[in-house]
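Trainee: Encoded as structure tokens, here's the structure I'll be asking about.
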Protein chains: 2
Amino acid sequence: MSDIQSGSEQTRARLIEAAREVFAQYGFQGATVREICRRAGANVAAVNYHFGSKDGLLAEALNFSGLKTLQTNNLSADPCPEKRLRLFLKDFMLMLLDENSASRQCRIMARELADPTPALDKIVSEAIAPLHEFLGRLVCEIVGDKMSAAQQLRCVFSILGQCSFYYHTEPVLQRLHPELRYDADEIGAIAAHIAEFSLAAMNQLTRRDA
Amino acid sequence: MSDIQSGSEQTRARLIEAAREVFAQYGFQGATVREICRRAGANVAAVNYHFGSKDGLLAEALNFSGLKTLQTNNLSADPCPEKRLRLFLKDFMLMLLDENSASRQCRIMARELADPTPALDKIVSEAIAPLHEFLGRLVCEIVGDKMSAAQQLRCVFSILGQCSFYYHTEPVLQRLHPELRYDADEIGAIAAHIAEFSLAAMNQLTRRDA
DNA sequence: CAACATATCAAACGCTTGTTTGAAAGTAAA
DNA sequence: TTTACTTTCAAACAAGCGTTTGATATGTTG
């Protein structure tokens with residue numbers, strides 16, 4: 001074992017990195033092992049040698065650490081739940097929409113939602129369920145006991161729905177509004193809108209129900 | 001030509017109907033010509049004989065009449081824009097989520113959004129663009145001139161995002177909330193929530209900005 | 001009936017997919 | 001160097017895909 005581990009670990013790492021790119025771009029079904037290996041500069045057989053199968057590679061390519069740290073950091077960021085929601089949405093939308101950054105994990109996840117793969121169970125239990133719970137607690141702090149649990153759940157769905165919309169319908173939005181670019185400013189503006197829209201809704205709804 | 005057109009038109013019609021089912025269920029890429037022909041009780045070659053290609057079949061399988069009539073009916077349903085939004089959301093969510101009914105056109109559309117096919121241009125120009133304009137006018141009636149055009153557009157996105165969420169993440173929601181069923185009651189409750197959530201948000205936001 | 005165009009069919013074509021194979025190259029310890 | 005093990009590679013494999021083909025019915029027209 002030399003300082004860098006014998007080239008084998010290098011190939012493994014390059015495969016995982018290439019897989020994240022390709023899975024994020026084409027989805028699991030659309031991505032091909034050959035394209036992944038081409039980008040990694042590896043032989044076609046490398047995927048099956050190192051990961052057993054295309055499924056195994058996907059499982060290793062998934063990495064929810066970014067999403068987790070985002071949530072834990074948020075918890076201690078500010079005592080005010082409204083401010084924390086604004087902060088979370090900004091970070092989350094950057095992770096979801098920014099082309100750079102190591103945000104591709106979120107994009108892989110988002111792609112899986114449409115047509116499930118064997119990895120969806122892992123994605124749901126390790127990433128999506130905690131995310132829903134996190135937002136559920138945040139909403140609960142904001143609306144308090146002025147809403148039923150069912151209503152709070154629907155508020156979480158309303159927030160997440162607004163977020164995922166910009167990701168899922170990107171090809172459509174590009175056609176309808178060609179001037180639209182997901183740069184940092186635009187993403188910030190989108191996140192701010194979702195925050196204000198959702199906070200206004202929850203604020204108003206709790207007033208009425210009270 | 002007999003009373004029913006010689007069996008050829010029958011096969012054509014059965015293929016289109018089967019294609020709508022399969023495209024809606026698996027998406028364009030995931031759907032196979034063989035499965036479509038199997039459900040239609042036709043030979044594999046029938047698709048290329050009648051439609052030239054799988055792409056051609058998709059083009060014929062698309063049908064936006066339901067979405068269009070929904071919009072035109074809505075325009076003359078009620079003078080109050082808030083009531084029209086509630087009504088539209090109820091009909092739209094039924095079209096999107098109800099397993100029965102000829103609602104599959106919407107599902108095919110929604111599937112295409114994730115990964116574009118050659119048919120996406122047609123879908124955007126003939127269905128999605130009019131839908132966005134329709135909702136844009138409705139939002140404009142509700143918020144009047146108390147919002148900028150950019151803000152109004154984002155409100156349209158917020159509404160559509162909430163709607164498409166329930167469709168796109170259905171496999172996930174089924175895992176997180178196994179008791180969830182998209183029956184008529186549940187769909188109605190979802191639509192009502194989206195309407196009240198969005199109306200509350202727009203109401204509150206226009207107050208602040210005034 | 002004969003002639004013709006249309007519609008269906010089993011079979012195959014060419015291609016791409018994920019995966020496997022067996023040999024070659026590289027690496028580490030005896 | 002020899003031995004044993006790991007890693008890479010070109011090539012092939014089996015399966016699935018959309019599509020094409022040529023024959024065979026089917027129905028219509030002279």
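Residues are referred to by chain and number: the chain letter is A, B, ... according to the order shown in the structure tokens, the number counts from 1 in that chain, and ligands are numbered separately from 1 in the order shown.
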Per DSSP on the backbone, filter segment 38-181 of chain B down to the residues in helix (DSSP H, G or I) and report them as a ChimeraX atom specification.
Mentor: /B:38-40,46-51,54-61,65-75,81-97,104-114,120-143,149-168,170-176
Trainee: List as a list in words the protein and nucleic acid residues near DA30 of chain C, meaning an atom at most 12 Å away when only C-alpha atoms (C1' of nucleotides) are counted, but skip any in the same chain fewer than 6 places from it.
Mentor: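 Near neighbours after the sequence-gap exclusion: DT1, DT2, DT3 and DA4 of chain D.
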Trainee: Please produce a file of those selected residues containing N, CA, C and O atoms (P, O5', C5', C4', C3', O3' and C1' of nucleotides), as a PDB file, in the first residue's frame.
Mentor:
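Saved to selection-v4.pdb:
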ATOM      1  P    DT D   1      13.583 -11.583 -11.812  1.00  0.00           P
ATOM      2  O5'  DT D   1      13.827 -12.962 -11.102  1.00  0.00           O
ATOM      3  C5'  DT D   1      14.832 -13.909 -11.388  1.00  0.00           C
ATOM      4  C4'  DT D   1      14.374 -15.117 -10.661  1.00  0.00           C
ATOM      5  C3'  DT D   1      13.070 -15.682 -11.220  1.00  0.00           C
ATOM      6  O3'  DT D   1      13.076 -17.097 -11.085  1.00  0.00           O
ATOM      7  C1'  DT D   1      12.734 -15.000  -8.977  1.00  0.00           C
ATOM      8  P    DT D   2      12.032 -17.975 -11.844  1.00  0.00           P
ATOM      9  O5'  DT D   2      10.993 -18.382 -10.700  1.00  0.00           O
ATOM     10  C5'  DT D   2      11.451 -19.117  -9.571  1.00  0.00           C
ATOM     11  C4'  DT D   2      10.372 -19.100  -8.486  1.00  0.00           C
ATOM     12  C3'  DT D   2       8.966 -19.506  -8.970  1.00  0.00           C
ATOM     13  O3'  DT D   2       8.475 -20.540  -8.127  1.00  0.00           O
ATOM     14  C1'  DT D   2       8.879 -17.494  -7.717  1.00  0.00           C
ATOM     15  P    DT D   3       7.152 -21.276  -8.434  1.00  0.00           P
ATOM     16  O5'  DT D   3       6.090 -20.570  -7.481  1.00  0.00           O
ATOM     17  C5'  DT D   3       6.322 -20.525  -6.070  1.00  0.00           C
ATOM     18  C4'  DT D   3       5.263 -19.636  -5.408  1.00  0.00           C
ATOM     19  C3'  DT D   3       3.822 -19.903  -5.874  1.00  0.00           C
ATOM     20  O3'  DT D   3       3.041 -20.320  -4.776  1.00  0.00           O
ATOM     21  C1'  DT D   3       4.321 -17.570  -5.852  1.00  0.00           C
ATOM     22  P    DA D   4       1.599 -20.797  -4.949  1.00  0.00           P
ATOM     23  O5'  DA D   4       0.791 -19.477  -4.546  1.00  0.00           O
ATOM     24  C5'  DA D   4       1.082 -18.830  -3.313  1.00  0.00           C
ATOM     25  C4'  DA D   4       0.320 -17.522  -3.237  1.00  0.00           C
ATOM     26  C3'  DA D   4      -1.143 -17.628  -3.697  1.00  0.00           C
ATOM     27  O3'  DA D   4      -1.973 -17.013  -2.724  1.00  0.00           O
ATOM     28  C1'  DA D   4      -0.043 -15.865  -4.836  1.00  0.00           C
TER      29       DA D   4
END
Trainee: Output the contact residues of chain B with respect to chain A at a cut-off of 7 Å, based on only C-alpha atoms, as a short mmCIF file (atom, residue, chain, number, x, y, z; two decimals) with N, CA, C and O atoms, in the first residue's frame.
Mentor:
data_model
loop_
_atom_site.label_atom_id
_atom_site.label_comp_id
_atom_site.auth_asym_id
_atom_site.auth_seq_id
_atom_site.Cartn_x
_atom_site.Cartn_y
_atom_site.Cartn_z
N LEU B 113 -42.27 15.31 -17.80
CA LEU B 113 -41.56 16.46 -17.28
C LEU B 113 -40.19 16.07 -16.76
O LEU B 113 -39.22 16.81 -16.90
N ALA B 114 -40.11 14.89 -16.15
CA ALA B 114 -38.85 14.48 -15.53
C ALA B 114 -37.74 14.32 -16.57
O ALA B 114 -36.72 14.99 -16.48
N VAL B 124 -45.59 20.99 -23.97
CA VAL B 124 -45.42 22.32 -23.39
C VAL B 124 -46.28 23.35 -24.11
O VAL B 124 -47.03 24.10 -23.49
N ALA B 129 -48.18 25.41 -21.36
CA ALA B 129 -48.20 26.87 -21.51
C ALA B 129 -49.61 27.44 -21.32
O ALA B 129 -49.79 28.39 -20.54
N SER B 158 -46.07 28.15 -7.15
CA SER B 158 -46.34 27.59 -5.82
C SER B 158 -47.59 26.71 -5.85
O SER B 158 -47.63 25.65 -5.22
N GLY B 161 -46.80 23.62 -7.96
CA GLY B 161 -45.86 22.78 -7.23
C GLY B 161 -46.57 21.93 -6.20
O GLY B 161 -46.30 20.73 -6.08
N GLN B 162 -47.47 22.53 -5.48
CA GLN B 162 -48.24 21.76 -4.50
C GLN B 162 -49.03 20.65 -5.18
O GLN B 162 -49.11 19.52 -4.66
N PHE B 165 -46.74 17.79 -6.55
CA PHE B 165 -46.06 17.05 -5.49
C PHE B 165 -46.75 15.72 -5.20
O PHE B 165 -46.10 14.67 -5.12
N HIS B 168 -45.96 13.36 -8.14
CA HIS B 168 -44.58 12.93 -8.32
C HIS B 168 -44.08 12.04 -7.19
O HIS B 168 -43.30 11.12 -7.41
N THR B 169 -44.48 12.32 -5.99
CA THR B 169 -43.91 11.59 -4.86
C THR B 169 -44.87 10.54 -4.32
O THR B 169 -44.74 10.12 -3.18
N PRO B 171 -45.04 7.28 -4.90
CA PRO B 171 -44.38 6.08 -4.36
C PRO B 171 -43.77 6.32 -2.99
O PRO B 171 -43.77 5.42 -2.14
N VAL B 172 -43.26 7.52 -2.78
CA VAL B 172 -42.66 7.84 -1.49
C VAL B 172 -43.73 7.99 -0.42
O VAL B 172 -43.60 7.43 0.68
N LEU B 176 -44.23 6.21 3.26
CA LEU B 176 -44.22 6.96 4.52
C LEU B 176 -45.57 6.89 5.22
O LEU B 176 -45.63 6.87 6.45
N PHE B 197 -54.58 27.02 1.45
CA PHE B 197 -53.19 27.39 1.70
C PHE B 197 -52.76 28.51 0.77
O PHE B 197 -52.20 29.54 1.20
N SER B 198 -53.06 28.35 -0.50
CA SER B 198 -52.61 29.32 -1.50
C SER B 198 -53.38 30.63 -1.39
O SER B 198 -52.79 31.73 -1.51
N ALA B 200 -54.79 31.81 1.30
CA ALA B 200 -54.32 32.48 2.51
C ALA B 200 -53.00 33.19 2.27
O ALA B 200 -52.81 34.34 2.69
N ALA B 201 -52.10 32.49 1.57
CA ALA B 201 -50.80 33.10 1.29
C ALA B 201 -50.95 34.36 0.46
O ALA B 201 -50.38 35.42 0.78
N GLN B 204 -52.60 37.21 2.45
CA GLN B 204 -51.69 37.79 3.42
C GLN B 204 -50.60 38.62 2.74
O GLN B 204 -50.26 39.72 3.18
N LEU B 205 -50.03 38.09 1.64
CA LEU B 205 -48.94 38.77 0.97
C LEU B 205 -49.39 40.10 0.36
O LEU B 205 -48.64 41.08 0.36
#
Trainee: Write down, as a list in words, each residue of chain C that has any atom within 8 Å of an atom of chain A, counting only C-alpha atoms (C1' of nucleotides).
Mentor: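 Those within range of chain A come out as DT17, DG18 and DT19 of chain C.
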Trainee: Would you save the residues from that selection as a CSV table (one decimal), in the first residue's frame, using all heavy atoms?
Mentor:
chain,number,residue,atom,x,y,z
C,17,DT,P,-26.5,1.8,-24.2
C,17,DT,OP1,-26.9,3.1,-23.7
C,17,DT,OP2,-25.1,1.5,-24.6
C,17,DT,O5',-27.0,0.7,-23.1
C,17,DT,C5',-28.3,0.6,-22.7
C,17,DT,C4',-28.6,-0.7,-22.0
C,17,DT,O4',-28.5,-1.8,-22.9
C,17,DT,C3',-27.5,-1.0,-20.9
C,17,DT,O3',-27.9,-0.4,-19.7
C,17,DT,C2',-27.7,-2.6,-20.8
C,17,DT,C1',-28.2,-3.0,-22.2
C,17,DT,N1,-27.2,-3.7,-23.0
C,17,DT,C2,-27.2,-5.1,-23.0
C,17,DT,O2,-27.9,-5.7,-22.3
C,17,DT,N3,-26.2,-5.7,-23.8
C,17,DT,C4,-25.3,-5.0,-24.6
C,17,DT,O4,-24.5,-5.7,-25.3
C,17,DT,C5,-25.4,-3.6,-24.6
C,17,DT,C7,-24.4,-2.8,-25.5
C,17,DT,C6,-26.3,-3.0,-23.8
C,18,DG,P,-26.7,-0.3,-18.5
C,18,DG,OP1,-27.2,0.6,-17.5
C,18,DG,OP2,-25.5,-0.1,-19.3
C,18,DG,O5',-26.7,-1.8,-17.9
C,18,DG,C5',-27.8,-2.3,-17.2
C,18,DG,C4',-27.6,-3.7,-16.8
C,18,DG,O4',-27.2,-4.5,-17.9
C,18,DG,C3',-26.5,-3.9,-15.8
C,18,DG,O3',-26.8,-4.9,-14.8
C,18,DG,C2',-25.3,-4.3,-16.6
C,18,DG,C1',-26.0,-5.1,-17.7
C,18,DG,N9,-25.2,-5.0,-19.0
C,18,DG,C8,-24.8,-3.9,-19.6
C,18,DG,N7,-24.1,-4.2,-20.7
C,18,DG,C5,-24.2,-5.5,-20.9
C,18,DG,C6,-23.7,-6.4,-21.9
C,18,DG,O6,-23.0,-6.1,-22.9
C,18,DG,N1,-23.9,-7.7,-21.6
C,18,DG,C2,-24.6,-8.2,-20.5
C,18,DG,N2,-24.8,-9.5,-20.4
C,18,DG,N3,-25.1,-7.4,-19.6
C,18,DG,C4,-24.9,-6.1,-19.8
C,19,DT,P,-25.8,-5.3,-13.7
C,19,DT,OP1,-26.6,-5.9,-12.5
C,19,DT,OP2,-24.9,-4.2,-13.4
C,19,DT,O5',-25.0,-6.5,-14.3
C,19,DT,C5',-25.8,-7.7,-14.8
C,19,DT,C4',-24.8,-8.7,-15.5
C,19,DT,O4',-24.3,-8.1,-16.7
C,19,DT,C3',-23.6,-9.1,-14.6
C,19,DT,O3',-23.8,-10.5,-14.3
C,19,DT,C2',-22.4,-8.8,-15.5
C,19,DT,C1',-23.0,-8.7,-16.9
C,19,DT,N1,-22.3,-7.9,-17.8
C,19,DT,C2,-21.7,-8.5,-18.9
C,19,DT,O2,-21.8,-9.7,-19.2
C,19,DT,N3,-21.0,-7.6,-19.8
C,19,DT,C4,-20.9,-6.2,-19.6
C,19,DT,O4,-20.3,-5.6,-20.4
C,19,DT,C5,-21.5,-5.7,-18.4
C,19,DT,C7,-21.4,-4.2,-18.1
C,19,DT,C6,-22.2,-6.5,-17.6
Trainee: Taking only C-alpha atoms (C1' of nucleotides) into account and nothing else, which residues of chain A lie no more than 12 Å away from chain D? Please answer as a list in words.
Mentor: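 Taken together, these residues fit the definition: Ser6, Gly7, Ser8, Glu9, Gln10, Thr11, Arg12, Gly41, Ala42, Asn43, Val44, Ala45, Ala46, Val47, Tyr49 and His50 of chain A.
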Trainee: Filtering to N, CA and C atoms, could you give me those residues as a compact mmCIF listing (two decimals), in the first residue's frame?
Mentor:
# COMPACT_ATOMS: atom_id res chain seq x y z
N SER A 6 -2.85 2.23 -4.07
CA SER A 6 -2.62 1.20 -5.07
C SER A 6 -3.51 1.30 -6.31
N GLY A 7 -4.13 2.42 -6.54
CA GLY A 7 -4.87 2.55 -7.78
C GLY A 7 -6.23 1.90 -7.76
N SER A 8 -6.41 0.90 -6.93
CA SER A 8 -7.71 0.26 -6.85
C SER A 8 -8.74 1.19 -6.22
N GLU A 9 -8.36 1.74 -5.09
CA GLU A 9 -9.26 2.69 -4.43
C GLU A 9 -9.51 3.92 -5.29
N GLN A 10 -8.48 4.26 -6.06
CA GLN A 10 -8.68 5.40 -6.96
C GLN A 10 -9.78 5.12 -7.96
N THR A 11 -9.72 3.95 -8.58
CA THR A 11 -10.74 3.59 -9.56
C THR A 11 -12.11 3.56 -8.91
N ARG A 12 -12.18 2.94 -7.75
CA ARG A 12 -13.46 2.91 -7.01
C ARG A 12 -14.02 4.30 -6.83
N GLY A 41 -12.85 6.78 -16.77
CA GLY A 41 -11.64 6.25 -17.38
C GLY A 41 -11.37 4.83 -16.97
N ALA A 42 -12.43 4.06 -16.81
CA ALA A 42 -12.27 2.67 -16.36
C ALA A 42 -12.91 1.73 -17.36
N ASN A 43 -12.60 0.48 -17.22
CA ASN A 43 -13.17 -0.55 -18.09
C ASN A 43 -14.62 -0.84 -17.71
N VAL A 44 -15.37 -1.33 -18.70
CA VAL A 44 -16.79 -1.62 -18.44
C VAL A 44 -16.97 -2.60 -17.30
N ALA A 45 -16.03 -3.53 -17.18
CA ALA A 45 -16.18 -4.56 -16.16
C ALA A 45 -15.91 -4.04 -14.75
N ALA A 46 -15.37 -2.83 -14.67
CA ALA A 46 -14.96 -2.31 -13.36
C ALA A 46 -16.14 -2.18 -12.39
N VAL A 47 -17.30 -1.78 -12.92
CA VAL A 47 -18.46 -1.59 -12.04
C VAL A 47 -18.82 -2.90 -11.36
N TYR A 49 -16.95 -5.50 -10.98
CA TYR A 49 -15.86 -5.99 -10.15
C TYR A 49 -15.88 -5.30 -8.78
N HIS A 50 -16.08 -3.98 -8.78
CA HIS A 50 -15.98 -3.24 -7.52
C HIS A 50 -17.29 -3.17 -6.74
Trainee: Which distance in Å separates atom CA of Phe51 of chain B and atom CA of Ala127 of chain B, to one decimal?
Mentor: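 Separating atom CA of Phe51 of chain B from atom CA of Ala127 of chain B is a distance of 21.9 Å.
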Trainee: Leu70 of chain B: which residues within 8 Å, counting only C-alpha atoms (C1' of nucleotides), same-chain residues fewer than 3 positions away excluded, as a ChimeraX atom specification?
Mentor: /B:66-67,73-74,88,91-92
Trainee: Using Å and a single decimal, report how far atom CA of Leu135 of chain A sits from atom CA of Leu180 of chain B.
Mentor: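 Here the two named atoms are 19.3 Å from each other.
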Trainee: Just how far from atom CA of Arg14 of chain A is atom CA of Ala40 of chain A, in Å to one decimal?
Mentor: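 Computed distance, atom CA of Ala40 of chain A to atom CA of Arg14 of chain A, equals 5.3 Å.
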